Structure formats: structure tokens, C-alpha cells
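K.L.:
Sharing final24.txt below, compact mmCIF, N, CA and C atoms:
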```
# COMPACT_ATOMS: atom_id res chain seq x y z
N MET A 149 77.97 58.91 53.62
CA MET A 149 77.66 57.59 53.11
C MET A 149 78.10 56.54 54.14
N HIS A 150 77.26 55.58 54.37
CA HIS A 150 77.57 54.47 55.27
C HIS A 150 78.53 53.51 54.57
N TYR A 151 79.42 52.91 55.33
CA TYR A 151 80.41 52.01 54.71
C TYR A 151 79.75 50.86 53.95
N ARG A 152 78.56 50.42 54.40
CA ARG A 152 77.87 49.32 53.71
C ARG A 152 77.43 49.71 52.30
N GLU A 153 77.41 51.00 52.03
CA GLU A 153 77.02 51.49 50.70
C GLU A 153 78.21 51.63 49.76
N THR A 154 79.42 51.44 50.28
CA THR A 154 80.60 51.60 49.44
C THR A 154 80.85 50.34 48.62
N THR A 155 81.28 50.53 47.42
CA THR A 155 81.59 49.40 46.54
C THR A 155 82.74 48.59 47.09
N VAL A 156 83.74 49.24 47.66
CA VAL A 156 84.92 48.53 48.16
C VAL A 156 84.53 47.57 49.29
N TRP A 157 83.68 48.00 50.21
CA TRP A 157 83.24 47.13 51.31
C TRP A 157 82.40 45.98 50.76
N GLN A 158 81.49 46.29 49.84
CA GLN A 158 80.64 45.25 49.26
C GLN A 158 81.46 44.19 48.53
N LYS A 159 82.45 44.63 47.76
CA LYS A 159 83.31 43.69 47.04
C LYS A 159 84.16 42.87 48.02
N ALA A 160 84.63 43.49 49.09
CA ALA A 160 85.41 42.77 50.10
C ALA A 160 84.53 41.71 50.78
N MET A 161 83.29 42.03 51.03
CA MET A 161 82.37 41.06 51.62
C MET A 161 82.10 39.92 50.64
N GLU A 162 81.97 40.25 49.38
CA GLU A 162 81.76 39.23 48.35
C GLU A 162 82.98 38.29 48.28
N ALA A 163 84.17 38.86 48.39
CA ALA A 163 85.39 38.05 48.39
C ALA A 163 85.40 37.10 49.59
N ALA A 164 85.00 37.61 50.75
CA ALA A 164 84.96 36.77 51.95
C ALA A 164 83.98 35.61 51.75
N GLN A 165 82.84 35.89 51.16
CA GLN A 165 81.85 34.83 50.90
C GLN A 165 82.41 33.80 49.93
N GLU A 166 83.11 34.26 48.92
CA GLU A 166 83.73 33.34 47.94
C GLU A 166 84.74 32.43 48.63
N LEU A 167 85.55 33.01 49.51
CA LEU A 167 86.54 32.20 50.21
C LEU A 167 85.85 31.15 51.08
N TYR A 168 84.82 31.57 51.80
CA TYR A 168 84.11 30.62 52.66
C TYR A 168 83.48 29.50 51.84
N ARG A 169 83.16 29.77 50.59
CA ARG A 169 82.64 28.73 49.70
C ARG A 169 83.73 27.70 49.40
N LEU A 170 84.98 28.15 49.37
CA LEU A 170 86.10 27.27 49.06
C LEU A 170 86.64 26.50 50.27
N THR A 171 86.50 27.01 51.46
CA THR A 171 87.17 26.41 52.63
C THR A 171 86.78 24.95 52.90
N PRO A 172 85.60 24.48 52.54
CA PRO A 172 85.33 23.05 52.76
C PRO A 172 86.29 22.13 51.99
N LYS A 173 86.97 22.66 50.98
CA LYS A 173 87.91 21.86 50.20
C LYS A 173 89.23 21.63 50.95
N LEU A 174 89.47 22.40 52.01
CA LEU A 174 90.70 22.24 52.77
C LEU A 174 90.68 20.92 53.54
N PRO A 175 91.85 20.31 53.71
CA PRO A 175 91.92 19.07 54.50
C PRO A 175 91.45 19.32 55.94
N ARG A 176 90.83 18.32 56.51
CA ARG A 176 90.31 18.42 57.88
C ARG A 176 91.39 18.85 58.87
N GLU A 177 92.62 18.34 58.67
CA GLU A 177 93.69 18.67 59.61
C GLU A 177 94.12 20.13 59.53
N GLU A 178 93.62 20.87 58.55
CA GLU A 178 93.94 22.30 58.42
C GLU A 178 92.90 23.20 59.07
N THR A 179 91.97 22.63 59.84
CA THR A 179 90.93 23.41 60.49
C THR A 179 91.52 24.53 61.35
N TYR A 180 92.57 24.22 62.10
CA TYR A 180 93.16 25.22 62.99
C TYR A 180 94.43 25.83 62.41
N GLY A 181 94.76 25.46 61.20
CA GLY A 181 95.93 26.00 60.53
C GLY A 181 95.52 26.94 59.42
N MET A 182 95.56 26.43 58.19
CA MET A 182 95.29 27.26 57.02
C MET A 182 93.88 27.85 57.06
N ARG A 183 92.88 27.04 57.38
CA ARG A 183 91.49 27.54 57.38
C ARG A 183 91.34 28.73 58.32
N SER A 184 91.88 28.61 59.51
CA SER A 184 91.79 29.68 60.49
C SER A 184 92.53 30.93 60.00
N GLN A 185 93.73 30.75 59.48
CA GLN A 185 94.56 31.89 59.05
C GLN A 185 93.94 32.62 57.86
N ILE A 186 93.51 31.88 56.85
CA ILE A 186 93.00 32.52 55.64
C ILE A 186 91.65 33.18 55.88
N THR A 187 90.82 32.57 56.72
CA THR A 187 89.52 33.21 56.99
C THR A 187 89.70 34.46 57.85
N ARG A 188 90.62 34.42 58.81
CA ARG A 188 90.86 35.64 59.60
C ARG A 188 91.38 36.77 58.72
N ALA A 189 92.26 36.43 57.78
CA ALA A 189 92.82 37.45 56.88
C ALA A 189 91.73 38.06 56.01
N ILE A 190 90.88 37.22 55.42
CA ILE A 190 89.87 37.74 54.49
C ILE A 190 88.80 38.54 55.22
N ILE A 191 88.44 38.14 56.43
CA ILE A 191 87.44 38.88 57.21
C ILE A 191 87.99 40.23 57.66
N SER A 192 89.29 40.29 57.86
CA SER A 192 89.92 41.54 58.29
C SER A 192 89.78 42.64 57.24
N VAL A 193 89.64 42.28 55.98
CA VAL A 193 89.57 43.28 54.92
C VAL A 193 88.30 44.14 55.07
N PRO A 194 87.09 43.57 54.98
CA PRO A 194 85.91 44.43 55.12
C PRO A 194 85.78 45.01 56.54
N ALA A 195 86.26 44.27 57.54
CA ALA A 195 86.17 44.77 58.92
C ALA A 195 86.99 46.04 59.09
N ASN A 196 88.20 46.08 58.53
CA ASN A 196 89.04 47.27 58.65
C ASN A 196 88.56 48.40 57.75
N ILE A 197 87.96 48.07 56.62
CA ILE A 197 87.35 49.11 55.79
C ILE A 197 86.23 49.78 56.59
N ALA A 198 85.40 48.96 57.22
CA ALA A 198 84.28 49.50 58.01
C ALA A 198 84.79 50.35 59.17
N GLU A 199 85.78 49.83 59.90
CA GLU A 199 86.28 50.59 61.04
C GLU A 199 86.93 51.89 60.61
N GLY A 200 87.71 51.84 59.54
CA GLY A 200 88.34 53.06 59.04
C GLY A 200 87.33 54.08 58.56
N TRP A 201 86.27 53.59 57.94
CA TRP A 201 85.24 54.48 57.40
C TRP A 201 84.58 55.31 58.49
N THR A 202 84.52 54.76 59.71
CA THR A 202 83.85 55.46 60.81
C THR A 202 84.76 56.41 61.55
N ARG A 203 86.05 56.40 61.24
CA ARG A 203 86.99 57.29 61.92
C ARG A 203 86.85 58.72 61.38
N GLU A 204 87.18 59.67 62.23
CA GLU A 204 87.00 61.06 61.84
C GLU A 204 88.19 61.64 61.08
N SER A 205 89.40 61.28 61.50
CA SER A 205 90.57 61.89 60.85
C SER A 205 90.98 61.09 59.61
N ASP A 206 91.49 61.81 58.63
CA ASP A 206 91.99 61.16 57.41
C ASP A 206 93.15 60.23 57.73
N LYS A 207 93.98 60.61 58.71
CA LYS A 207 95.12 59.78 59.08
C LYS A 207 94.65 58.42 59.60
N GLU A 208 93.62 58.43 60.45
CA GLU A 208 93.09 57.17 60.97
C GLU A 208 92.43 56.34 59.87
N LYS A 209 91.68 57.01 59.01
CA LYS A 209 91.05 56.31 57.88
C LYS A 209 92.12 55.61 57.04
N ALA A 210 93.18 56.34 56.71
CA ALA A 210 94.26 55.79 55.90
C ALA A 210 94.92 54.60 56.59
N GLN A 211 95.10 54.68 57.90
CA GLN A 211 95.73 53.59 58.65
C GLN A 211 94.89 52.31 58.56
N PHE A 212 93.59 52.41 58.77
CA PHE A 212 92.74 51.23 58.70
C PHE A 212 92.65 50.67 57.28
N LEU A 213 92.67 51.55 56.30
CA LEU A 213 92.67 51.08 54.91
C LEU A 213 93.98 50.37 54.59
N ALA A 214 95.08 50.83 55.17
CA ALA A 214 96.38 50.17 54.98
C ALA A 214 96.36 48.78 55.61
N VAL A 215 95.74 48.66 56.79
CA VAL A 215 95.63 47.36 57.44
C VAL A 215 94.78 46.42 56.57
N ALA A 216 93.69 46.96 56.02
CA ALA A 216 92.82 46.16 55.14
C ALA A 216 93.61 45.67 53.93
N GLN A 217 94.44 46.53 53.36
CA GLN A 217 95.22 46.14 52.20
C GLN A 217 96.29 45.09 52.57
N GLY A 218 96.85 45.22 53.74
CA GLY A 218 97.81 44.22 54.20
C GLY A 218 97.14 42.87 54.41
N SER A 219 95.95 42.87 54.98
CA SER A 219 95.21 41.63 55.17
C SER A 219 94.83 41.01 53.83
N LEU A 220 94.51 41.85 52.88
CA LEU A 220 94.18 41.36 51.54
C LEU A 220 95.39 40.66 50.92
N ALA A 221 96.57 41.26 51.07
CA ALA A 221 97.79 40.65 50.54
C ALA A 221 98.07 39.32 51.24
N GLU A 222 97.83 39.26 52.55
CA GLU A 222 98.00 38.01 53.28
C GLU A 222 97.04 36.94 52.75
N ALA A 223 95.77 37.30 52.58
CA ALA A 223 94.78 36.34 52.07
C ALA A 223 95.16 35.85 50.69
N GLU A 224 95.64 36.76 49.85
CA GLU A 224 96.03 36.39 48.49
C GLU A 224 97.23 35.43 48.51
N THR A 225 98.17 35.67 49.40
CA THR A 225 99.34 34.80 49.53
C THR A 225 98.91 33.40 49.98
N LEU A 226 98.03 33.35 50.96
CA LEU A 226 97.55 32.05 51.45
C LEU A 226 96.73 31.33 50.39
N LEU A 227 95.96 32.09 49.62
CA LEU A 227 95.19 31.51 48.52
C LEU A 227 96.13 30.88 47.50
N THR A 228 97.21 31.58 47.18
CA THR A 228 98.21 31.05 46.25
C THR A 228 98.80 29.74 46.77
N LEU A 229 99.12 29.70 48.05
CA LEU A 229 99.66 28.48 48.63
C LEU A 229 98.65 27.33 48.54
N CYS A 230 97.39 27.63 48.82
CA CYS A 230 96.34 26.61 48.72
C CYS A 230 96.24 26.08 47.29
N GLU A 231 96.38 26.95 46.32
CA GLU A 231 96.37 26.52 44.92
C GLU A 231 97.58 25.65 44.62
N GLN A 232 98.75 26.09 45.08
CA GLN A 232 99.98 25.35 44.80
C GLN A 232 99.99 23.97 45.46
N LEU A 233 99.33 23.85 46.60
CA LEU A 233 99.24 22.57 47.29
C LEU A 233 98.14 21.68 46.72
N GLY A 234 97.36 22.23 45.79
CA GLY A 234 96.30 21.46 45.16
C GLY A 234 95.01 21.40 45.95
N TRP A 235 94.90 22.24 46.97
CA TRP A 235 93.68 22.24 47.79
C TRP A 235 92.56 23.02 47.11
N PHE A 236 92.90 24.10 46.42
CA PHE A 236 91.91 24.90 45.69
C PHE A 236 92.26 24.87 44.21
N PRO A 237 91.41 24.29 43.38
CA PRO A 237 91.67 24.32 41.93
C PRO A 237 91.61 25.78 41.43
N GLU A 238 92.59 26.16 40.63
CA GLU A 238 92.64 27.53 40.11
C GLU A 238 91.37 27.89 39.35
N SER A 239 90.75 26.91 38.72
CA SER A 239 89.50 27.18 37.99
C SER A 239 88.40 27.66 38.94
N GLU A 240 88.50 27.28 40.22
CA GLU A 240 87.49 27.67 41.19
C GLU A 240 87.87 28.91 41.99
N THR A 241 89.08 29.43 41.80
CA THR A 241 89.50 30.63 42.52
C THR A 241 89.51 31.87 41.63
N ARG A 242 89.20 31.69 40.37
CA ARG A 242 89.27 32.80 39.41
C ARG A 242 88.41 34.00 39.84
N ASN A 243 87.18 33.74 40.24
CA ASN A 243 86.29 34.83 40.66
C ASN A 243 86.84 35.53 41.91
N LEU A 244 87.31 34.74 42.87
CA LEU A 244 87.88 35.31 44.09
C LEU A 244 89.09 36.16 43.77
N ARG A 245 89.97 35.67 42.90
CA ARG A 245 91.16 36.45 42.52
C ARG A 245 90.77 37.77 41.88
N GLY A 246 89.74 37.75 41.04
CA GLY A 246 89.26 38.98 40.41
C GLY A 246 88.76 39.97 41.45
N LEU A 247 88.03 39.47 42.43
CA LEU A 247 87.52 40.34 43.50
C LEU A 247 88.67 40.92 44.33
N LEU A 248 89.65 40.09 44.65
CA LEU A 248 90.79 40.57 45.43
C LEU A 248 91.55 41.65 44.68
N ASP A 249 91.72 41.47 43.39
CA ASP A 249 92.40 42.47 42.58
C ASP A 249 91.60 43.78 42.55
N GLU A 250 90.31 43.66 42.38
CA GLU A 250 89.44 44.84 42.34
C GLU A 250 89.47 45.59 43.67
N VAL A 251 89.36 44.87 44.77
CA VAL A 251 89.39 45.50 46.10
C VAL A 251 90.75 46.15 46.33
N SER A 252 91.81 45.50 45.92
CA SER A 252 93.15 46.07 46.10
C SER A 252 93.28 47.40 45.37
N ARG A 253 92.80 47.44 44.14
CA ARG A 253 92.89 48.70 43.37
C ARG A 253 92.06 49.80 44.03
N MET A 254 90.88 49.45 44.52
CA MET A 254 90.03 50.44 45.19
C MET A 254 90.68 50.95 46.47
N LEU A 255 91.28 50.04 47.23
CA LEU A 255 91.95 50.45 48.47
C LEU A 255 93.13 51.36 48.18
N THR A 256 93.88 51.09 47.14
CA THR A 256 95.01 51.95 46.76
C THR A 256 94.51 53.35 46.45
N THR A 257 93.43 53.44 45.70
CA THR A 257 92.85 54.75 45.36
C THR A 257 92.37 55.48 46.61
N LEU A 258 91.67 54.77 47.49
CA LEU A 258 91.16 55.39 48.72
C LEU A 258 92.31 55.83 49.63
N ARG A 259 93.33 55.01 49.74
CA ARG A 259 94.46 55.37 50.59
C ARG A 259 95.13 56.65 50.08
N ARG A 260 95.23 56.80 48.78
CA ARG A 260 95.80 58.04 48.22
C ARG A 260 94.94 59.23 48.60
N ARG A 261 93.64 59.05 48.57
CA ARG A 261 92.70 60.13 48.89
C ARG A 261 92.84 60.60 50.34
N PHE A 262 93.11 59.64 51.24
CA PHE A 262 93.19 59.99 52.65
C PHE A 262 94.61 60.23 53.13
N ARG A 263 95.58 60.15 52.23
CA ARG A 263 96.98 60.38 52.60
C ARG A 263 97.14 61.80 53.14
N THR A 264 97.88 61.90 54.23
CA THR A 264 98.02 63.21 54.90
C THR A 264 99.43 63.79 54.79
N ASP A 265 100.33 63.15 54.04
CA ASP A 265 101.71 63.65 54.01
C ASP A 265 101.91 64.79 53.07
```
Would you encode the structure as C-alpha cells?

P.N.:
Amino acid sequence: MHYRETTVWQKAMEAAQELYRLTPKLPREETYGMRSQITRAIISVPANIAEGWTRESDKEKAQFLAVAQGSLAEAETLLTLCEQLGWFPESETRNLRGLLDEVSRMLTTLRRRFRTD
């Protein structure tokens, strides 16, 4: 199966699109700060899922999925800060939060599957 056919990659891409929908709400002075950091974190999730999916060994797959999960946690933390600072209304982040939770659960399941210990 190609990574583009996996639900986890599709949901991660959907989350990235949702975040990009929100980024215009960030203050202009955050173009090279928060906007750059949060978009790099969210893009890292599907990118690492894709890269891990193409690896041959289970150990490598698990490593890239772990990086994806770490990036997801980073994006979620930054999203929380944006909410707390009043830049993103929580009413507008609900869908994104749901996607992040769903992707996180899927990554946890996949990481267990590829665990080599």
C-alpha cells in the first residue's frame, strides 16, 4: 500500500490544511516566529509518515513514526499557546484538535506494530 492510501497520512494532511487555514489569524510580526514554527511542525507529521512508510526495516519505520509523533506533540503545544494568547479561537481549532488526537492514536498503534524490542 502506498503511504498516500493510509488513513493516518490522509488525516495528517487534513490537519496540516486546517492549520494553514488558521495561520492568517496570527499577528504579522509572528511570520518568522510562531507561524514558521507551527507550520514546520505540522508539515513534519505527514512528511515523516511518508518517509517512514518507504523504509524497509521495521526499526526505521518506527523511528520515522516516532519523529512524526514528536512533531505532532510540538504542533499541539504551539496550538495551545496560540489559543491561550487569543490568536486562535478555540471554537475554530476544535476540528484540528480532533484530527491531531486521531493521528496521535493511529501513530501510537503503528509504532507498536513496528516495535522491534

K.L.:
Env of stretch 232-237 of chain A: 8 Å cut, atoms = only C-alpha atoms, seq-sep filter 4 positions within chain, self excluded. Answer as JSON, numbers by chain.

P.N.:
{"A": [170, 173, 174, 175, 227, 228, 241]}

K.L.:
In chain A, what's alpha helix (DSSP H) per DSSP? Answer as a PyMOL selection string?

P.N.:
chain A and resi 155-170+182-201+206-232+238-262

K.L.:
Taking only C-alpha atoms into account, which of A:Leu229, A:Leu220, A:Tyr151, A:Gln185 comes nearest A:Ser252?

P.N.:
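Among the listed residues, A:Leu220 lies closest to A:Ser252.
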
K.L.:
So how many Å separate atom N of A:Ile190 and atom CA of A:Ala223, to one decimal?

P.N.:
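Distance reported for this atom pair: 5.2 Å.
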
K.L.:
Name the residues, using the chain letters and numbers of the file, that sit within 7 Å of (98.3, 40.7, 46.0) when counting all atoms listed in the file, and give them as a PyMOL selection string.

P.N.:
chain A and resi 220-222+224-225+248

K.L.:
Which of these residues is nearest to A:Met254, using only C-alpha atoms: A:Met161, A:Ile197, A:Val156, A:Leu213?

P.N.:
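Going through A:Met161, A:Ile197, A:Val156, A:Leu213 one by one, the smallest distance to A:Met254 is for A:Val156.
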
K.L.:
Just how far from atom C of A:Ser205 is atom C of A:Asp249, in Å to one decimal?

P.N.:
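Interatomic distance, atom C of A:Asp249 to atom C of A:Ser205: 24.3 Å.
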
K.L.:
Pick out the residues sitting within 8 Å of A:Trp157, and hand them over as a list in words; count all atoms listed in the file, and ignore anything fewer than 6 positions along from it in its own chain.

P.N.:
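Everything that qualifies: Tyr151, Ala163, Val193, Pro194, Ala195, Ile197, Ala198 and Val251 of chain A.
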
K.L.:
Take the residues just selected and output them with N, CA and C atoms as a tab-separated table (two decimals), in the frame of the given file.

P.N.:
```tsv
chain	number	residue	atom	x	y	z
A	151	TYR	N	79.42	52.91	55.33
A	151	TYR	CA	80.41	52.01	54.71
A	151	TYR	C	79.75	50.86	53.95
A	163	ALA	N	84.17	38.86	48.39
A	163	ALA	CA	85.39	38.05	48.39
A	163	ALA	C	85.40	37.10	49.59
A	193	VAL	N	89.64	42.28	55.98
A	193	VAL	CA	89.57	43.28	54.92
A	193	VAL	C	88.30	44.14	55.07
A	194	PRO	N	87.09	43.57	54.98
A	194	PRO	CA	85.91	44.43	55.12
A	194	PRO	C	85.78	45.01	56.54
A	195	ALA	N	86.26	44.27	57.54
A	195	ALA	CA	86.17	44.77	58.92
A	195	ALA	C	86.99	46.04	59.09
A	197	ILE	N	87.96	48.07	56.62
A	197	ILE	CA	87.35	49.11	55.79
A	197	ILE	C	86.23	49.78	56.59
A	198	ALA	N	85.40	48.96	57.22
A	198	ALA	CA	84.28	49.50	58.01
A	198	ALA	C	84.79	50.35	59.17
A	251	VAL	N	89.36	44.87	44.77
A	251	VAL	CA	89.39	45.50	46.10
A	251	VAL	C	90.75	46.15	46.33
```

K.L.:
Select, from A:Glu238, A:Glu162, A:Ala189, A:Ala210, the residue with the minimum atom-to-atom distance to A:Arg261, counting all atoms listed in the file.

P.N.:
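Going through A:Glu238, A:Glu162, A:Ala189, A:Ala210 one by one, the smallest distance to A:Arg261 is for A:Ala210.
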
K.L.:
Quote the spacing between atom C of A:Leu226 and atom C of A:Arg253 in Å to one decimal place.

P.N.:
20.1 Å

K.L.:
Using all atoms listed in the file, which residue out of A:Ser239, A:Met182, A:Phe212, A:Gly218 lies closest to A:Glu199?

P.N.:
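Going through A:Ser239, A:Met182, A:Phe212, A:Gly218 one by one, the smallest distance to A:Glu199 is for A:Phe212.
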
K.L.:
Check the smallest atom-to-atom distance from each of A:Met149, A:Leu258, A:Leu167, A:Ile186 to A:Lys209 using only N, CA and C atoms, then report the winner.

P.N.:
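Looking at the shortest contact to A:Lys209, the residue is A:Leu258.
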
K.L.:
For a quick check of understanding, using only C-alpha atoms, which of A:Phe262, A:Cys230, A:Val215, A:Arg245 has the smallest distance to A:Glu178?

P.N.:
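Closest candidate: A:Cys230.
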